[in-house]
Amino acid sequence: MFSEVLAQGRPVILNLWAGLCPVCRAEMPELQAAHDEYRNRVLIVGVDIGPFVGLGSEEDARALLNELSITFPAGTTPDAGVVRDYRVLGIPTTLFVRPNGEIIQQWTGRLSPNQLNEYIEALLDASASL
């Protein structure tokens with residue numbers, strides 16, 4: 001549950017992706033680099049929604065994570081409601097969430113490394129007062 005992730009007290013970057021999404025494949029190494037750089041200050045979590053958007057199975061998702069050597073927490077969900085709850089209009093979709101659960105930014109599509117770093121820094125700034 002996402003409440004358990006927030007209970008860790010860190011800002012969260014929630015990336016909704018799919019195993020057969022070419023844009024997601026291209027973005028994942030950049031998320032991994034951000035995880036490596038910010039791992040003690042921000043929690044990056046990836047959730048595969050491929051089965052709900054017609055872009056892969058759980059097996060496809062696991063294969064992509066293994067192929068790209070992703071070490072940030074990532075996996076699948078049995079809950080199709082994630083697509084509705086987070087108003088996913090395309091994939092990847094990335095949400096920047098303060099520790100109190102407030103979404104301060106949502107981005108659809110690939111984030112450039114510069115955009116990702118800017119949004120992470122904004123998230124850290126917005127979370128400092130909590």
# chains A, B, ... in the order shown; residues from 1 in each chain; ligands from 1
call {"tool": "closest_atom_pairs", "arguments": {"of": "segment 70-108 of chain A", "to": "segment 28-45 of chain A", "cutoff": "9 Å", "atoms": "only C-alpha atoms", "output": "tab-separated table"}}
result
residue	atom	partner	partner_atom	distance
A:Ile70	CA	A:Gln32	CA	6.3
A:Thr71	CA	A:Gln32	CA	7.1
A:Phe72	CA	A:Ile44	CA	6.2
A:Pro73	CA	A:Val45	CA	5.1
A:Ala74	CA	A:Val45	CA	5.6
A:Gly75	CA	A:Val45	CA	8.5
call {"tool": "write_last_selection", "arguments": {"atoms": "N, CA and C atoms", "output": "PDB file, in the first residue's frame"}}
result
ATOM      1  N   ILE A  70      17.598  -2.591 -12.587  1.00  0.00           N
ATOM      2  CA  ILE A  70      16.942  -1.585 -11.753  1.00  0.00           C
ATOM      3  C   ILE A  70      16.990  -2.037 -10.296  1.00  0.00           C
ATOM      4  N   THR A  71      17.461  -1.147  -9.418  1.00  0.00           N
ATOM      5  CA  THR A  71      17.564  -1.491  -7.996  1.00  0.00           C
ATOM      6  C   THR A  71      16.604  -0.694  -7.112  1.00  0.00           C
ATOM      7  N   PHE A  72      15.945   0.343  -7.666  1.00  0.00           N
ATOM      8  CA  PHE A  72      14.958   1.031  -6.832  1.00  0.00           C
ATOM      9  C   PHE A  72      13.725   0.139  -6.729  1.00  0.00           C
ATOM     10  N   PRO A  73      12.920   0.296  -5.674  1.00  0.00           N
ATOM     11  CA  PRO A  73      11.743  -0.565  -5.511  1.00  0.00           C
ATOM     12  C   PRO A  73      10.809  -0.437  -6.714  1.00  0.00           C
ATOM     13  N   ALA A  74      10.528  -1.542  -7.357  1.00  0.00           N
ATOM     14  CA  ALA A  74       9.656  -1.544  -8.534  1.00  0.00           C
ATOM     15  C   ALA A  74       8.980  -2.904  -8.637  1.00  0.00           C
ATOM     16  N   GLY A  75       7.762  -2.882  -9.107  1.00  0.00           N
ATOM     17  CA  GLY A  75       7.027  -4.130  -9.264  1.00  0.00           C
ATOM     18  C   GLY A  75       5.689  -3.888  -9.922  1.00  0.00           C
TER      19      GLY A  75
END
call {"tool": "residues_around", "arguments": {"residues": "Ile104 of chain A", "least_positions_apart": "5", "cutoff": "9 Å", "atoms": "only C-alpha atoms", "output": "PDB file with N, CA and C atoms, in the first residue's frame"}}
result
ATOM      1  N   LEU A  95       4.775  10.930 -10.590  1.00  0.00           N
ATOM      2  CA  LEU A  95       4.205  11.810  -9.577  1.00  0.00           C
ATOM      3  C   LEU A  95       5.270  12.117  -8.528  1.00  0.00           C
ATOM      4  N   PHE A  96       5.283  13.359  -8.101  1.00  0.00           N
ATOM      5  CA  PHE A  96       6.223  13.811  -7.080  1.00  0.00           C
ATOM      6  C   PHE A  96       5.394  14.125  -5.841  1.00  0.00           C
ATOM      7  N   VAL A  97       5.623  13.360  -4.771  1.00  0.00           N
ATOM      8  CA  VAL A  97       4.726  13.339  -3.624  1.00  0.00           C
ATOM      9  C   VAL A  97       5.473  13.709  -2.340  1.00  0.00           C
ATOM     10  N   ARG A  98       4.932  14.708  -1.643  1.00  0.00           N
ATOM     11  CA  ARG A  98       5.497  15.080  -0.347  1.00  0.00           C
ATOM     12  C   ARG A  98       5.222  13.959   0.660  1.00  0.00           C
ATOM     13  N   ALA A 122      12.799  20.488  -6.399  1.00  0.00           N
ATOM     14  CA  ALA A 122      11.567  21.183  -5.992  1.00  0.00           C
ATOM     15  C   ALA A 122      10.811  20.369  -4.951  1.00  0.00           C
ATOM     16  N   LEU A 123      10.790  19.051  -5.120  1.00  0.00           N
ATOM     17  CA  LEU A 123      10.122  18.177  -4.172  1.00  0.00           C
ATOM     18  C   LEU A 123      10.818  18.231  -2.815  1.00  0.00           C
ATOM     19  N   ALA A 126       9.941  21.543  -1.218  1.00  0.00           N
ATOM     20  CA  ALA A 126       8.545  21.562  -0.763  1.00  0.00           C
ATOM     21  C   ALA A 126       8.327  20.651   0.453  1.00  0.00           C
TER      22      ALA A 126
END
call {"tool": "residues_around", "arguments": {"residues": "Arg25 of chain A", "least_positions_apart": "3", "cutoff": "10 Å", "atoms": "only C-alpha atoms", "output": "VMD selection string"}}
result
chain A and resid 17 to 22 28 to 30 64 to 65 67 to 68 92 110
call {"tool": "write_last_selection", "arguments": {"atoms": "N, CA and C atoms", "output": "mmCIF file, in the first residue's frame"}}
result
data_model
loop_
_atom_site.group_PDB
_atom_site.id
_atom_site.type_symbol
_atom_site.label_atom_id
_atom_site.label_comp_id
_atom_site.auth_asym_id
_atom_site.auth_seq_id
_atom_site.Cartn_x
_atom_site.Cartn_y
_atom_site.Cartn_z
ATOM 1 N N TRP A 17 4.662 2.824 -15.098
ATOM 2 C CA TRP A 17 5.311 2.442 -16.338
ATOM 3 C C TRP A 17 4.744 1.115 -16.821
ATOM 4 N N ALA A 18 5.262 0.645 -17.974
ATOM 5 C CA ALA A 18 4.834 -0.640 -18.526
ATOM 6 C C ALA A 18 6.027 -1.362 -19.131
ATOM 7 N N GLY A 19 5.998 -2.672 -19.016
ATOM 8 C CA GLY A 19 7.111 -3.498 -19.481
ATOM 9 C C GLY A 19 7.399 -3.406 -20.964
ATOM 10 N N LEU A 20 6.386 -3.136 -21.787
ATOM 11 C CA LEU A 20 6.582 -3.049 -23.232
ATOM 12 C C LEU A 20 6.476 -1.619 -23.748
ATOM 13 N N CYS A 21 6.688 -0.649 -22.888
ATOM 14 C CA CYS A 21 6.625 0.770 -23.260
ATOM 15 C C CYS A 21 8.029 1.247 -23.631
ATOM 16 N N PRO A 22 8.274 1.591 -24.910
ATOM 17 C CA PRO A 22 9.614 2.035 -25.309
ATOM 18 C C PRO A 22 10.087 3.300 -24.577
ATOM 19 N N MET A 28 13.920 4.626 -17.703
ATOM 20 C CA MET A 28 14.307 3.889 -16.481
ATOM 21 C C MET A 28 15.765 4.064 -16.065
ATOM 22 N N PRO A 29 16.733 4.055 -16.982
ATOM 23 C CA PRO A 29 18.109 4.286 -16.536
ATOM 24 C C PRO A 29 18.297 5.657 -15.876
ATOM 25 N N GLU A 30 17.528 6.644 -16.330
ATOM 26 C CA GLU A 30 17.617 7.971 -15.731
ATOM 27 C C GLU A 30 17.022 7.960 -14.317
ATOM 28 N N LEU A 64 12.106 -6.500 -17.990
ATOM 29 C CA LEU A 64 12.689 -5.175 -18.195
ATOM 30 C C LEU A 64 13.494 -4.737 -16.975
ATOM 31 N N LEU A 65 12.956 -4.933 -15.793
ATOM 32 C CA LEU A 65 13.682 -4.573 -14.574
ATOM 33 C C LEU A 65 15.007 -5.316 -14.487
ATOM 34 N N GLU A 67 16.706 -6.734 -17.060
ATOM 35 C CA GLU A 67 17.578 -6.336 -18.168
ATOM 36 C C GLU A 67 18.292 -5.019 -17.872
ATOM 37 N N LEU A 68 17.589 -4.071 -17.260
ATOM 38 C CA LEU A 68 18.165 -2.754 -16.997
ATOM 39 C C LEU A 68 18.821 -2.649 -15.618
ATOM 40 N N PRO A 92 5.166 6.789 -19.681
ATOM 41 C CA PRO A 92 5.162 6.785 -18.223
ATOM 42 C C PRO A 92 4.479 8.028 -17.651
ATOM 43 N N ARG A 110 8.244 11.048 -20.996
ATOM 44 C CA ARG A 110 9.616 10.903 -20.519
ATOM 45 C C ARG A 110 10.133 12.208 -19.941
#
call {"tool": "atom_distance", "arguments": {"atom1": "atom CA of Gly90 of chain A", "atom2": "atom CA of Glu4 of chain A"}}
result
25.6 Å
call {"tool": "atom_distance", "arguments": {"atom1": "atom CA of Asp85 of chain A", "atom2": "atom CA of Cys24 of chain A"}}
result
20.1 Å
call {"tool": "closest_residue", "arguments": {"among": "A:Phe2, A:Ser69, A:Arg10, A:Ala26", "to": "Pro113 of chain A", "atoms": "only C-alpha atoms"}}
result
A:Ala26
call {"tool": "select_by_dssp", "arguments": {"residues": "segment 67-130 of chain A", "states": "alpha helix (DSSP H)", "output": "list in words"}}
result
Glu67, Gly81, Val82, Val83, Arg84, Asp85, Pro113, Asn114, Gln115, Leu116, Asn117, Glu118, Tyr119, Ile120, Glu121, Ala122, Leu123, Leu124, Asp125, Ala126 and Ser127 of chain A
call {"tool": "write_last_selection", "arguments": {"atoms": "N, CA and C atoms", "output": "short mmCIF file (atom, residue, chain, number, x, y, z; two decimals), in the first residue's frame"}}
result
data_model
loop_
_atom_site.label_atom_id
_atom_site.label_comp_id
_atom_site.auth_asym_id
_atom_site.auth_seq_id
_atom_site.Cartn_x
_atom_site.Cartn_y
_atom_site.Cartn_z
N GLU A 67 16.71 -6.73 -17.06
CA GLU A 67 17.58 -6.34 -18.17
C GLU A 67 18.29 -5.02 -17.87
N GLY A 81 -7.26 0.09 -10.45
CA GLY A 81 -7.70 1.40 -10.00
C GLY A 81 -6.59 2.43 -9.95
N VAL A 82 -5.35 1.99 -9.96
CA VAL A 82 -4.20 2.90 -9.94
C VAL A 82 -4.29 3.86 -11.14
N VAL A 83 -4.69 3.34 -12.29
CA VAL A 83 -4.78 4.15 -13.50
C VAL A 83 -5.79 5.28 -13.30
N ARG A 84 -6.92 4.96 -12.72
CA ARG A 84 -7.97 5.95 -12.46
C ARG A 84 -7.57 6.88 -11.31
N ASP A 85 -7.12 6.30 -10.21
CA ASP A 85 -6.82 7.08 -9.01
C ASP A 85 -5.77 8.15 -9.25
N PRO A 113 16.84 14.05 -17.99
CA PRO A 113 17.59 14.06 -16.73
C PRO A 113 17.55 15.42 -16.04
N ASN A 114 17.62 16.51 -16.81
CA ASN A 114 17.57 17.84 -16.20
C ASN A 114 16.21 18.11 -15.57
N GLN A 115 15.12 17.76 -16.27
CA GLN A 115 13.79 17.94 -15.71
C GLN A 115 13.63 17.13 -14.43
N LEU A 116 14.08 15.88 -14.48
CA LEU A 116 13.95 15.00 -13.32
C LEU A 116 14.67 15.61 -12.12
N ASN A 117 15.89 16.07 -12.32
CA ASN A 117 16.64 16.66 -11.21
C ASN A 117 15.97 17.94 -10.70
N GLU A 118 15.43 18.76 -11.61
CA GLU A 118 14.73 19.98 -11.18
C GLU A 118 13.51 19.64 -10.34
N TYR A 119 12.73 18.64 -10.78
CA TYR A 119 11.54 18.25 -10.04
C TYR A 119 11.90 17.62 -8.69
N ILE A 120 12.99 16.87 -8.65
CA ILE A 120 13.43 16.29 -7.37
C ILE A 120 13.82 17.40 -6.40
N GLU A 121 14.59 18.37 -6.88
CA GLU A 121 15.00 19.47 -6.01
C GLU A 121 13.79 20.26 -5.52
N ALA A 122 12.80 20.49 -6.40
CA ALA A 122 11.57 21.18 -5.99
C ALA A 122 10.81 20.37 -4.95
N LEU A 123 10.79 19.05 -5.12
CA LEU A 123 10.12 18.18 -4.17
C LEU A 123 10.82 18.23 -2.81
N LEU A 124 12.14 18.21 -2.83
CA LEU A 124 12.89 18.30 -1.58
C LEU A 124 12.62 19.63 -0.88
N ASP A 125 12.60 20.72 -1.65
CA ASP A 125 12.32 22.03 -1.08
C ASP A 125 10.92 22.08 -0.48
N ALA A 126 9.94 21.54 -1.22
CA ALA A 126 8.54 21.56 -0.76
C ALA A 126 8.33 20.65 0.45
N SER A 127 9.22 19.69 0.63
CA SER A 127 9.07 18.74 1.74
C SER A 127 9.85 19.15 2.98
#
call {"tool": "select_by_dssp", "arguments": {"residues": "segment 52-112 of chain A", "states": "strand (DSSP E or B)", "output": "MDAnalysis selection string"}}
result
chainID A and resid 74:76 93:97 103:108
call {"tool": "write_last_selection", "arguments": {"atoms": "N, CA and C atoms", "output": "mmCIF file, in the first residue's frame"}}
result
data_model
loop_
_atom_site.group_PDB
_atom_site.id
_atom_site.type_symbol
_atom_site.label_atom_id
_atom_site.label_comp_id
_atom_site.auth_asym_id
_atom_site.auth_seq_id
_atom_site.Cartn_x
_atom_site.Cartn_y
_atom_site.Cartn_z
ATOM 1 N N ALA A 74 10.528 -1.542 -7.357
ATOM 2 C CA ALA A 74 9.656 -1.544 -8.534
ATOM 3 C C ALA A 74 8.980 -2.904 -8.637
ATOM 4 N N GLY A 75 7.762 -2.882 -9.107
ATOM 5 C CA GLY A 75 7.027 -4.130 -9.264
ATOM 6 C C GLY A 75 5.689 -3.888 -9.922
ATOM 7 N N THR A 76 4.792 -4.816 -9.733
ATOM 8 C CA THR A 76 3.483 -4.754 -10.359
ATOM 9 C C THR A 76 2.411 -4.547 -9.292
ATOM 10 N N THR A 93 3.984 7.882 -16.442
ATOM 11 C CA THR A 93 3.477 8.996 -15.644
ATOM 12 C C THR A 93 4.262 9.000 -14.345
ATOM 13 N N THR A 94 4.754 10.170 -13.976
ATOM 14 C CA THR A 94 5.569 10.288 -12.774
ATOM 15 C C THR A 94 4.949 11.324 -11.851
ATOM 16 N N LEU A 95 4.775 10.930 -10.590
ATOM 17 C CA LEU A 95 4.205 11.810 -9.577
ATOM 18 C C LEU A 95 5.270 12.117 -8.528
ATOM 19 N N PHE A 96 5.283 13.359 -8.101
ATOM 20 C CA PHE A 96 6.223 13.811 -7.080
ATOM 21 C C PHE A 96 5.394 14.125 -5.841
ATOM 22 N N VAL A 97 5.623 13.360 -4.771
ATOM 23 C CA VAL A 97 4.726 13.339 -3.624
ATOM 24 C C VAL A 97 5.473 13.709 -2.340
ATOM 25 N N ILE A 103 0.501 15.502 -3.713
ATOM 26 C CA ILE A 103 1.164 15.440 -5.023
ATOM 27 C C ILE A 103 1.437 16.870 -5.453
ATOM 28 N N ILE A 104 2.715 17.212 -5.625
ATOM 29 C CA ILE A 104 3.038 18.583 -6.004
ATOM 30 C C ILE A 104 3.305 18.714 -7.496
ATOM 31 N N GLN A 105 3.545 17.596 -8.172
ATOM 32 C CA GLN A 105 3.805 17.637 -9.609
ATOM 33 C C GLN A 105 3.441 16.289 -10.201
ATOM 34 N N GLN A 106 2.862 16.316 -11.387
ATOM 35 C CA GLN A 106 2.602 15.080 -12.137
ATOM 36 C C GLN A 106 3.043 15.330 -13.566
ATOM 37 N N TRP A 107 3.800 14.392 -14.112
ATOM 38 C CA TRP A 107 4.351 14.533 -15.457
ATOM 39 C C TRP A 107 3.992 13.292 -16.265
ATOM 40 N N THR A 108 3.475 13.507 -17.460
ATOM 41 C CA THR A 108 3.195 12.400 -18.369
ATOM 42 C C THR A 108 4.218 12.444 -19.489
#
call {"tool": "closest_residue", "arguments": {"among": "A:Leu130, A:Leu16, A:Asp60, A:Gly101", "to": "Leu89 of chain A", "atoms": "only C-alpha atoms"}}
result
A:Leu16
call {"tool": "atom_distance", "arguments": {"atom1": "atom CA of Ser112 of chain A", "atom2": "atom CA of Ser3 of chain A"}}
result
28.1 Å
call {"tool": "decode", "arguments": {"residues": "segment 19-122 of chain A", "atoms": "C-alpha atoms", "output": "PDB file, in the first residue's frame"}}
result
ATOM      1  CA  GLY A  19       7.111  -3.498 -19.481  1.00  0.00           C
ATOM      2  CA  LEU A  20       6.582  -3.049 -23.232  1.00  0.00           C
ATOM      3  CA  CYS A  21       6.625   0.770 -23.260  1.00  0.00           C
ATOM      4  CA  PRO A  22       9.614   2.035 -25.309  1.00  0.00           C
ATOM      5  CA  VAL A  23       9.545   5.446 -23.615  1.00  0.00           C
ATOM      6  CA  CYS A  24       9.524   3.785 -20.182  1.00  0.00           C
ATOM      7  CA  ARG A  25      12.510   1.667 -21.207  1.00  0.00           C
ATOM      8  CA  ALA A  26      14.411   4.793 -22.220  1.00  0.00           C
ATOM      9  CA  GLU A  27      13.526   6.643 -19.001  1.00  0.00           C
ATOM     10  CA  MET A  28      14.307   3.889 -16.481  1.00  0.00           C
ATOM     11  CA  PRO A  29      18.109   4.286 -16.536  1.00  0.00           C
ATOM     12  CA  GLU A  30      17.617   7.971 -15.731  1.00  0.00           C
ATOM     13  CA  LEU A  31      15.372   7.067 -12.779  1.00  0.00           C
ATOM     14  CA  GLN A  32      18.029   4.586 -11.654  1.00  0.00           C
ATOM     15  CA  ALA A  33      20.674   7.336 -11.806  1.00  0.00           C
ATOM     16  CA  ALA A  34      18.405   9.616  -9.734  1.00  0.00           C
ATOM     17  CA  HIS A  35      17.882   6.780  -7.251  1.00  0.00           C
ATOM     18  CA  ASP A  36      21.638   6.354  -6.937  1.00  0.00           C
ATOM     19  CA  GLU A  37      22.159  10.088  -6.404  1.00  0.00           C
ATOM     20  CA  TYR A  38      19.212  10.867  -4.100  1.00  0.00           C
ATOM     21  CA  ARG A  39      18.644   7.500  -2.398  1.00  0.00           C
ATOM     22  CA  ASN A  40      18.971   8.836   1.146  1.00  0.00           C
ATOM     23  CA  ARG A  41      16.625  11.782   0.580  1.00  0.00           C
ATOM     24  CA  VAL A  42      13.962  10.612  -1.893  1.00  0.00           C
ATOM     25  CA  LEU A  43      12.282   7.252  -2.403  1.00  0.00           C
ATOM     26  CA  ILE A  44      11.701   6.291  -6.030  1.00  0.00           C
ATOM     27  CA  VAL A  45       9.040   3.630  -6.543  1.00  0.00           C
ATOM     28  CA  GLY A  46       8.081   2.120  -9.892  1.00  0.00           C
ATOM     29  CA  VAL A  47       4.695   0.486 -10.481  1.00  0.00           C
ATOM     30  CA  ASP A  48       4.032  -1.496 -13.644  1.00  0.00           C
ATOM     31  CA  ILE A  49       0.594  -0.794 -15.093  1.00  0.00           C
ATOM     32  CA  GLY A  50       1.272  -2.565 -18.391  1.00  0.00           C
ATOM     33  CA  PRO A  51      -1.485  -5.175 -18.022  1.00  0.00           C
ATOM     34  CA  PHE A  52      -4.075  -2.400 -17.602  1.00  0.00           C
ATOM     35  CA  VAL A  53      -2.987  -0.368 -20.631  1.00  0.00           C
ATOM     36  CA  GLY A  54      -2.199  -3.201 -23.043  1.00  0.00           C
ATOM     37  CA  LEU A  55       1.581  -2.817 -22.859  1.00  0.00           C
ATOM     38  CA  GLY A  56       2.850  -6.020 -21.353  1.00  0.00           C
ATOM     39  CA  SER A  57       2.430  -8.634 -18.693  1.00  0.00           C
ATOM     40  CA  GLU A  58       3.975  -9.019 -15.259  1.00  0.00           C
ATOM     41  CA  GLU A  59       6.615 -11.204 -16.924  1.00  0.00           C
ATOM     42  CA  ASP A  60       7.447  -8.403 -19.381  1.00  0.00           C
ATOM     43  CA  ALA A  61       7.815  -5.994 -16.462  1.00  0.00           C
ATOM     44  CA  ARG A  62      10.136  -8.328 -14.530  1.00  0.00           C
ATOM     45  CA  ALA A  63      12.217  -8.911 -17.656  1.00  0.00           C
ATOM     46  CA  LEU A  64      12.689  -5.175 -18.195  1.00  0.00           C
ATOM     47  CA  LEU A  65      13.682  -4.573 -14.574  1.00  0.00           C
ATOM     48  CA  ASN A  66      16.223  -7.397 -14.778  1.00  0.00           C
ATOM     49  CA  GLU A  67      17.578  -6.336 -18.168  1.00  0.00           C
ATOM     50  CA  LEU A  68      18.165  -2.754 -16.997  1.00  0.00           C
ATOM     51  CA  SER A  69      19.463  -3.799 -13.541  1.00  0.00           C
ATOM     52  CA  ILE A  70      16.942  -1.585 -11.753  1.00  0.00           C
ATOM     53  CA  THR A  71      17.564  -1.491  -7.996  1.00  0.00           C
ATOM     54  CA  PHE A  72      14.958   1.031  -6.832  1.00  0.00           C
ATOM     55  CA  PRO A  73      11.743  -0.565  -5.511  1.00  0.00           C
ATOM     56  CA  ALA A  74       9.656  -1.544  -8.534  1.00  0.00           C
ATOM     57  CA  GLY A  75       7.027  -4.130  -9.264  1.00  0.00           C
ATOM     58  CA  THR A  76       3.483  -4.754 -10.359  1.00  0.00           C
ATOM     59  CA  THR A  77       0.071  -4.158  -8.844  1.00  0.00           C
ATOM     60  CA  PRO A  78      -3.115  -6.200  -9.118  1.00  0.00           C
ATOM     61  CA  ASP A  79      -5.144  -2.985  -8.706  1.00  0.00           C
ATOM     62  CA  ALA A  80      -6.303  -1.504 -12.019  1.00  0.00           C
ATOM     63  CA  GLY A  81      -7.703   1.400  -9.999  1.00  0.00           C
ATOM     64  CA  VAL A  82      -4.201   2.902  -9.945  1.00  0.00           C
ATOM     65  CA  VAL A  83      -4.775   4.153 -13.500  1.00  0.00           C
ATOM     66  CA  ARG A  84      -7.968   5.947 -12.456  1.00  0.00           C
ATOM     67  CA  ASP A  85      -6.822   7.075  -9.012  1.00  0.00           C
ATOM     68  CA  TYR A  86      -3.706   8.814 -10.357  1.00  0.00           C
ATOM     69  CA  ARG A  87      -5.431  10.063 -13.528  1.00  0.00           C
ATOM     70  CA  VAL A  88      -2.958   8.357 -15.832  1.00  0.00           C
ATOM     71  CA  LEU A  89      -3.381   9.802 -19.315  1.00  0.00           C
ATOM     72  CA  GLY A  90      -0.256   8.207 -20.796  1.00  0.00           C
ATOM     73  CA  ILE A  91       2.823   6.321 -19.778  1.00  0.00           C
ATOM     74  CA  PRO A  92       5.162   6.785 -18.223  1.00  0.00           C
ATOM     75  CA  THR A  93       3.477   8.996 -15.644  1.00  0.00           C
ATOM     76  CA  THR A  94       5.569  10.288 -12.774  1.00  0.00           C
ATOM     77  CA  LEU A  95       4.205  11.810  -9.577  1.00  0.00           C
ATOM     78  CA  PHE A  96       6.223  13.811  -7.080  1.00  0.00           C
ATOM     79  CA  VAL A  97       4.726  13.339  -3.624  1.00  0.00           C
ATOM     80  CA  ARG A  98       5.497  15.080  -0.347  1.00  0.00           C
ATOM     81  CA  PRO A  99       5.775  12.833   2.747  1.00  0.00           C
ATOM     82  CA  ASN A 100       2.267  13.950   3.787  1.00  0.00           C
ATOM     83  CA  GLY A 101       0.823  12.487   0.563  1.00  0.00           C
ATOM     84  CA  GLU A 102       0.375  15.767  -1.315  1.00  0.00           C
ATOM     85  CA  ILE A 103       1.164  15.440  -5.023  1.00  0.00           C
ATOM     86  CA  ILE A 104       3.038  18.583  -6.004  1.00  0.00           C
ATOM     87  CA  GLN A 105       3.805  17.637  -9.609  1.00  0.00           C
ATOM     88  CA  GLN A 106       2.602  15.080 -12.137  1.00  0.00           C
ATOM     89  CA  TRP A 107       4.351  14.533 -15.457  1.00  0.00           C
ATOM     90  CA  THR A 108       3.195  12.400 -18.369  1.00  0.00           C
ATOM     91  CA  GLY A 109       5.887  11.218 -20.774  1.00  0.00           C
ATOM     92  CA  ARG A 110       9.616  10.903 -20.519  1.00  0.00           C
ATOM     93  CA  LEU A 111      11.428  13.219 -18.166  1.00  0.00           C
ATOM     94  CA  SER A 112      14.823  14.446 -19.311  1.00  0.00           C
ATOM     95  CA  PRO A 113      17.594  14.059 -16.731  1.00  0.00           C
ATOM     96  CA  ASN A 114      17.572  17.842 -16.201  1.00  0.00           C
ATOM     97  CA  GLN A 115      13.786  17.939 -15.708  1.00  0.00           C
ATOM     98  CA  LEU A 116      13.948  15.003 -13.320  1.00  0.00           C
ATOM     99  CA  ASN A 117      16.640  16.665 -11.213  1.00  0.00           C
ATOM    100  CA  GLU A 118      14.728  19.981 -11.185  1.00  0.00           C
ATOM    101  CA  TYR A 119      11.541  18.251 -10.036  1.00  0.00           C
ATOM    102  CA  ILE A 120      13.426  16.294  -7.373  1.00  0.00           C
ATOM    103  CA  GLU A 121      14.998  19.469  -6.009  1.00  0.00           C
ATOM    104  CA  ALA A 122      11.567  21.183  -5.992  1.00  0.00           C
TER     105      ALA A 122
END
